[in-house]
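Enquirer: Below you'll find the structure I mean.
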Amino acid sequence: MAYNDLRMDNQWLPFTPNRSFAKDPRIFVAADGMHFTTHDGRQVIDGISSLWCVGAGHNRKPINEAIKKQLDTLDYATAFSVSNDKAFRAAEMIAAMAPGDLNKVLFCNSGSEAADTSMKVALAYHRARGEGHRNIFIGRERGYHGVGFGGMSVGGIPANRKVYGTSLLPRVDHLRFIHDPVNHAYIHNAEPVWNEDLLLELENRILPLHDAGNIAAVIVEPVAGSAGWYVPPQGYLKRLREICDKHGILLIFDEVITGFGRLGTAFASDYYGVQPDMLNFAKAVTNGVFPLGGVVCTDRIYEAMMGAHGNAPEHAIEFFHGYTYSGHPVACAAAIATLDLFREEDLFQRAGDMGPVLGDAMHAALMGLPNVVGIRSLGLAAAVELAPIAGLPGKRAFDVFMDCYHHGVLVRNAGENLVFAPPYIVEKSQIETMVGTLADAIKRA
Ligand SMILES: Cc1ncc(COP(=O)(O)O)c(C=O)c1O
């Protein structure tokens, strides 16, 4: 199929340079396993699991079959005041995988909705306990929590925020970014050990400034994904947990990228041994094939929300929040089949095993190449950072992305970074192809 068979006048592409796209379109028409087929009949390796989604690889029959069967059984049912069997089963499976007493799953349809949902739960929870004054959120520089106004406000990627001015939530502050380009530009399958305590800033500046008693929640990605795979210092998340506990502040982990196997464990929370009060998920929960997101809350949060309504009549709704498609039966059928498949094929373990293969290949092939200023690998994801072209931020990485695409590899350009996060089924030879193609493109850039 030639792309000029398609009318391309009507789709406004998300997070994409639209004006240049039509001159050199990148259109997929099929996918299987690790590969896409393009509109012009070429094979392209999916080096990014289609943005951290397709952990089990493309076109997995058990998931496809589950979806088809669900469509023929219960296509859709409203989620308000009634529910469906698949939503309960998916919630049970997710709660069983989530650490500790993270047992109550609020479904939504995306990572952005999960961010806003978790922030609303935080506010409602504090109010239910008589602490409605806790309404400040702390995010982190270069964090990404989607594109809703809540997630954007706690997010810290400047380009995503800069045009929204005072429409962003007013009572928000941000932790410092977790990257040290001088001492820890190169992170090789390990947590960096910093001499400096990055969280002193939270204790000594942010909490006193706002009064800790006014803060509802801290929300962070355990590993900063969208910014370009930036890894926290050793002990950082544990210490963040301790500080939040000390001051009655909720801790939200946005595991939209790290959830369901990326670090070789079910969640980053397991990898780091730190349990949040809420855990946001999306993407890989359905292997990307059907939109589904959610927030897993602790029993304590749920009970506080129910308890606050102890004197309310039983017909009263406890939390005025939800989406038309919360717990969509087809999405939940996809999630059940995906989580079964992850378990049957031991795919989290496989991600854990292949992670060092990817990290080693990246460091071996890219270290010392022109314009390479950092390489970071942890779990089954790795990034290389390039020096920017003066006056043209992101251009060098974009050129490398395009070059890789034309040589059959989909890599993600994020700022000055190029990131790989392949499906967990990736083979060593495919990693070698991906990294080799990236190295050649960097040399040409
Ligand atoms: C950590 C994190 N949170 C939230 C989101 C937003 O998810 P969505 O694009 O499904 O709204 C993303 C997307 O990449 C993400 O990486």
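Labels used: A, B, ... for chains in the order of the structure tokens, numbers from 1 for residues in each chain, and numbers from 1 for ligands as shown.
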Compute the set of protein, DNA and RNA residues whose minimum atom distance to ligand 1 is at most 8 Å, using only C-alpha atoms and all ligand atoms, and state it as a PyMOL selection string.

Expert: chain A and resi 51-52+109-115+143-148+151+221+224-226+254-258+280-283+291+293

Enquirer: Considering only C-alpha atoms, return as a ChimeraX atom specification whatever protein or nucleic-acid residues lie within 9 Å of Ala439 in chain A, sequence-local ones (same chain, fewer than 6 positions apart) excluded.

Expert: /A:362,365-366,369

Enquirer: Just list as a PyMOL selection string whatever in range 172-351 of chain A DSSP marks as strand (DSSP E or B).

Expert: chain A and resi 172-175+186-188+215-220+224+230+250-254+278-281+293-298

Enquirer: Could those selected residues go to a file with C-alpha atoms, as a tab-separated table (two decimals), in the first residue's frame?

Expert:
chain	number	residue	atom	x	y	z
A	172	VAL	CA	1.90	22.50	43.37
A	173	ASP	CA	5.65	22.33	43.94
A	174	HIS	CA	8.31	20.16	42.38
A	175	LEU	CA	11.20	18.11	43.72
A	186	TYR	CA	26.66	6.67	32.76
A	187	ILE	CA	24.45	4.26	34.69
A	188	HIS	CA	25.02	0.63	33.85
A	215	ILE	CA	0.49	18.69	51.64
A	216	ALA	CA	-1.84	16.06	50.21
A	217	ALA	CA	0.55	13.87	48.26
A	218	VAL	CA	3.88	13.45	46.56
A	219	ILE	CA	3.63	11.86	43.11
A	220	VAL	CA	6.67	10.46	41.31
A	224	ALA	CA	11.50	8.82	35.08
A	230	TYR	CA	16.40	8.66	34.43
A	250	LEU	CA	0.38	10.25	50.72
A	251	LEU	CA	2.93	8.79	48.32
A	252	ILE	CA	1.74	8.03	44.78
A	253	PHE	CA	3.89	5.96	42.43
A	254	ASP	CA	3.07	6.51	38.80
A	278	MET	CA	-1.48	4.61	45.51
A	279	LEU	CA	-0.06	2.94	42.45
A	280	ASN	CA	-1.07	4.18	38.99
A	281	PHE	CA	-0.98	1.81	36.04
A	293	GLY	CA	-5.65	2.34	33.30
A	294	GLY	CA	-6.22	2.45	37.00
A	295	VAL	CA	-5.18	3.40	40.50
A	296	VAL	CA	-4.59	0.75	43.15
A	297	CYS	CA	-5.30	2.22	46.60
A	298	THR	CA	-4.53	0.86	50.03

Enquirer: In Å, rounded to a single decimal, give me how far CA of Ala414 in chain A is from CA of Arg350 in chain A.

Expert: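 It comes out at 25.7 Å.
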
Enquirer: Can you tell me which residues surround Phe149 in chain A at a distance of at most 8 Å, considering only C-alpha atoms, apart from same-chain residues fewer than 2 positions away, and format the answer as a list in words?

Expert: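 In the requested format, the answer is Asp116, Val147, Gly151, Met152, Ser153, Ser167, Leu168 and Leu169 of chain A.
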
Enquirer: Would you give me, as a count of residues only, the residues in range 179-221 of chain A that DSSP reads as alpha helix (DSSP H)?

Expert: 6

Enquirer: If you count only C-alpha atoms, which residues fall within 12 Å of Thr38 in chain A, apart from same-chain ones fewer than 2 positions away, as a VMD selection string?

Expert: chain A and resid 1 to 3 25 to 32 35 to 36 40 to 46 405 to 406 408 to 410

Enquirer: Print the selection's residues with N, CA and C atoms to a file, as a tab-separated table (two decimals), in the first residue's frame.

Expert:
chain	number	residue	atom	x	y	z
A	1	MET	N	0.84	-1.21	0.00
A	1	MET	CA	0.00	0.00	0.00
A	1	MET	C	0.87	1.25	0.00
A	2	ALA	N	0.61	2.13	-0.92
A	2	ALA	CA	1.38	3.38	-0.95
A	2	ALA	C	0.72	4.39	-0.03
A	3	TYR	N	1.52	5.17	0.69
A	3	TYR	CA	0.89	6.07	1.64
A	3	TYR	C	0.03	7.10	0.95
A	25	PRO	N	6.08	10.06	5.75
A	25	PRO	CA	5.16	9.44	6.70
A	25	PRO	C	5.66	8.10	7.24
A	26	ARG	N	5.25	7.83	8.45
A	26	ARG	CA	5.63	6.58	9.09
A	26	ARG	C	4.34	5.90	9.53
A	27	ILE	N	3.89	4.98	8.70
A	27	ILE	CA	2.56	4.41	8.91
A	27	ILE	C	2.67	2.89	8.99
A	28	PHE	N	2.16	2.35	10.08
A	28	PHE	CA	2.17	0.90	10.25
A	28	PHE	C	0.81	0.33	9.83
A	29	VAL	N	0.87	-0.81	9.19
A	29	VAL	CA	-0.37	-1.44	8.74
A	29	VAL	C	-0.55	-2.84	9.34
A	30	ALA	N	0.50	-3.38	9.98
A	30	ALA	CA	0.39	-4.70	10.60
A	30	ALA	C	1.51	-4.85	11.62
A	31	ALA	N	1.33	-5.80	12.55
A	31	ALA	CA	2.39	-6.07	13.53
A	31	ALA	C	2.30	-7.52	13.96
A	32	ASP	N	3.47	-8.09	14.23
A	32	ASP	CA	3.52	-9.46	14.74
A	32	ASP	C	4.82	-9.64	15.52
A	35	HIS	N	7.89	-7.16	15.40
A	35	HIS	CA	7.99	-6.33	14.19
A	35	HIS	C	6.68	-5.69	13.76
A	36	PHE	N	6.84	-4.52	13.14
A	36	PHE	CA	5.76	-3.89	12.39
A	36	PHE	C	5.99	-4.12	10.90
A	40	ASP	N	4.77	0.76	3.25
A	40	ASP	CA	5.48	0.42	2.02
A	40	ASP	C	6.15	-0.96	2.10
A	41	GLY	N	5.60	-1.78	3.02
A	41	GLY	CA	5.98	-3.20	3.02
A	41	GLY	C	7.29	-3.54	3.70
A	42	ARG	N	7.85	-2.60	4.48
A	42	ARG	CA	9.11	-2.89	5.19
A	42	ARG	C	8.82	-3.42	6.59
A	43	GLN	N	9.81	-4.13	7.17
A	43	GLN	CA	9.71	-4.58	8.55
A	43	GLN	C	10.47	-3.60	9.45
A	44	VAL	N	9.87	-3.23	10.55
A	44	VAL	CA	10.52	-2.34	11.52
A	44	VAL	C	10.43	-3.01	12.90
A	45	ILE	N	11.58	-3.13	13.58
A	45	ILE	CA	11.58	-3.70	14.95
A	45	ILE	C	10.96	-2.70	15.91
A	46	ASP	N	10.04	-3.17	16.73
A	46	ASP	CA	9.45	-2.31	17.76
A	46	ASP	C	10.39	-2.26	18.96
A	405	TYR	N	14.52	4.70	12.00
A	405	TYR	CA	13.26	4.24	11.40
A	405	TYR	C	13.51	3.79	9.96
A	406	HIS	N	14.27	4.58	9.23
A	406	HIS	CA	14.53	4.22	7.83
A	406	HIS	C	15.42	2.99	7.71
A	408	GLY	N	14.92	0.43	9.80
A	408	GLY	CA	14.16	-0.71	10.32
A	408	GLY	C	14.09	-0.85	11.82
A	409	VAL	N	14.32	0.25	12.57
A	409	VAL	CA	14.27	0.16	14.03
A	409	VAL	C	13.48	1.35	14.59
A	410	LEU	N	12.48	1.05	15.40
A	410	LEU	CA	11.74	2.12	16.08
A	410	LEU	C	12.37	2.35	17.45

Enquirer: Would you pick out the contacts of range 443-445 of chain A at 12 Å or less, using only C-alpha atoms, so that residues sharing its chain but fewer than 4 positions from it are not included, and give the list as a PyMOL selection string?

Expert: chain A and resi 365-372+386-389+395-404+436-439

Enquirer: A:Leu418, A:Val330, A:Val274, A:Ala266: which is nearest Gly394 in chain A, counting only C-alpha atoms?

Expert: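 Ranking A:Leu418, A:Val330, A:Val274, A:Ala266 by distance to Gly394 in chain A, first place goes to A:Leu418.
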
Enquirer: Please list as a ChimeraX atom specification every residue within 9 Å of range 177-182 of chain A, counting only C-alpha atoms and excluding residues in the same chain fewer than 4 positions away.

Expert: /A:140-143,156,186,194,198,224,230-233,373-374

Enquirer: Tell me which protein, DNA and RNA residues are within 10 Å of Gly288 in chain A, counting only C-alpha atoms, leaving out same-chain ones fewer than 6 positions away, and put them as a ChimeraX atom specification.

Expert: /A:49-58,282,331,334-335,338

Enquirer: Work out how far apart CA of Gly155 in chain A and CA of Arg176 in chain A are and give it in Å to one decimal.

Expert: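 Atom-to-atom, CA of Gly155 in chain A and CA of Arg176 in chain A are spaced 12.0 Å apart.
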
Enquirer: Please indicate the distance in Å from CA of Ala122 in chain A to CA of Tyr323 in chain A, rounded to one decimal place.

Expert: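 Between CA of Ala122 in chain A and CA of Tyr323 in chain A the gap is 17.7 Å.
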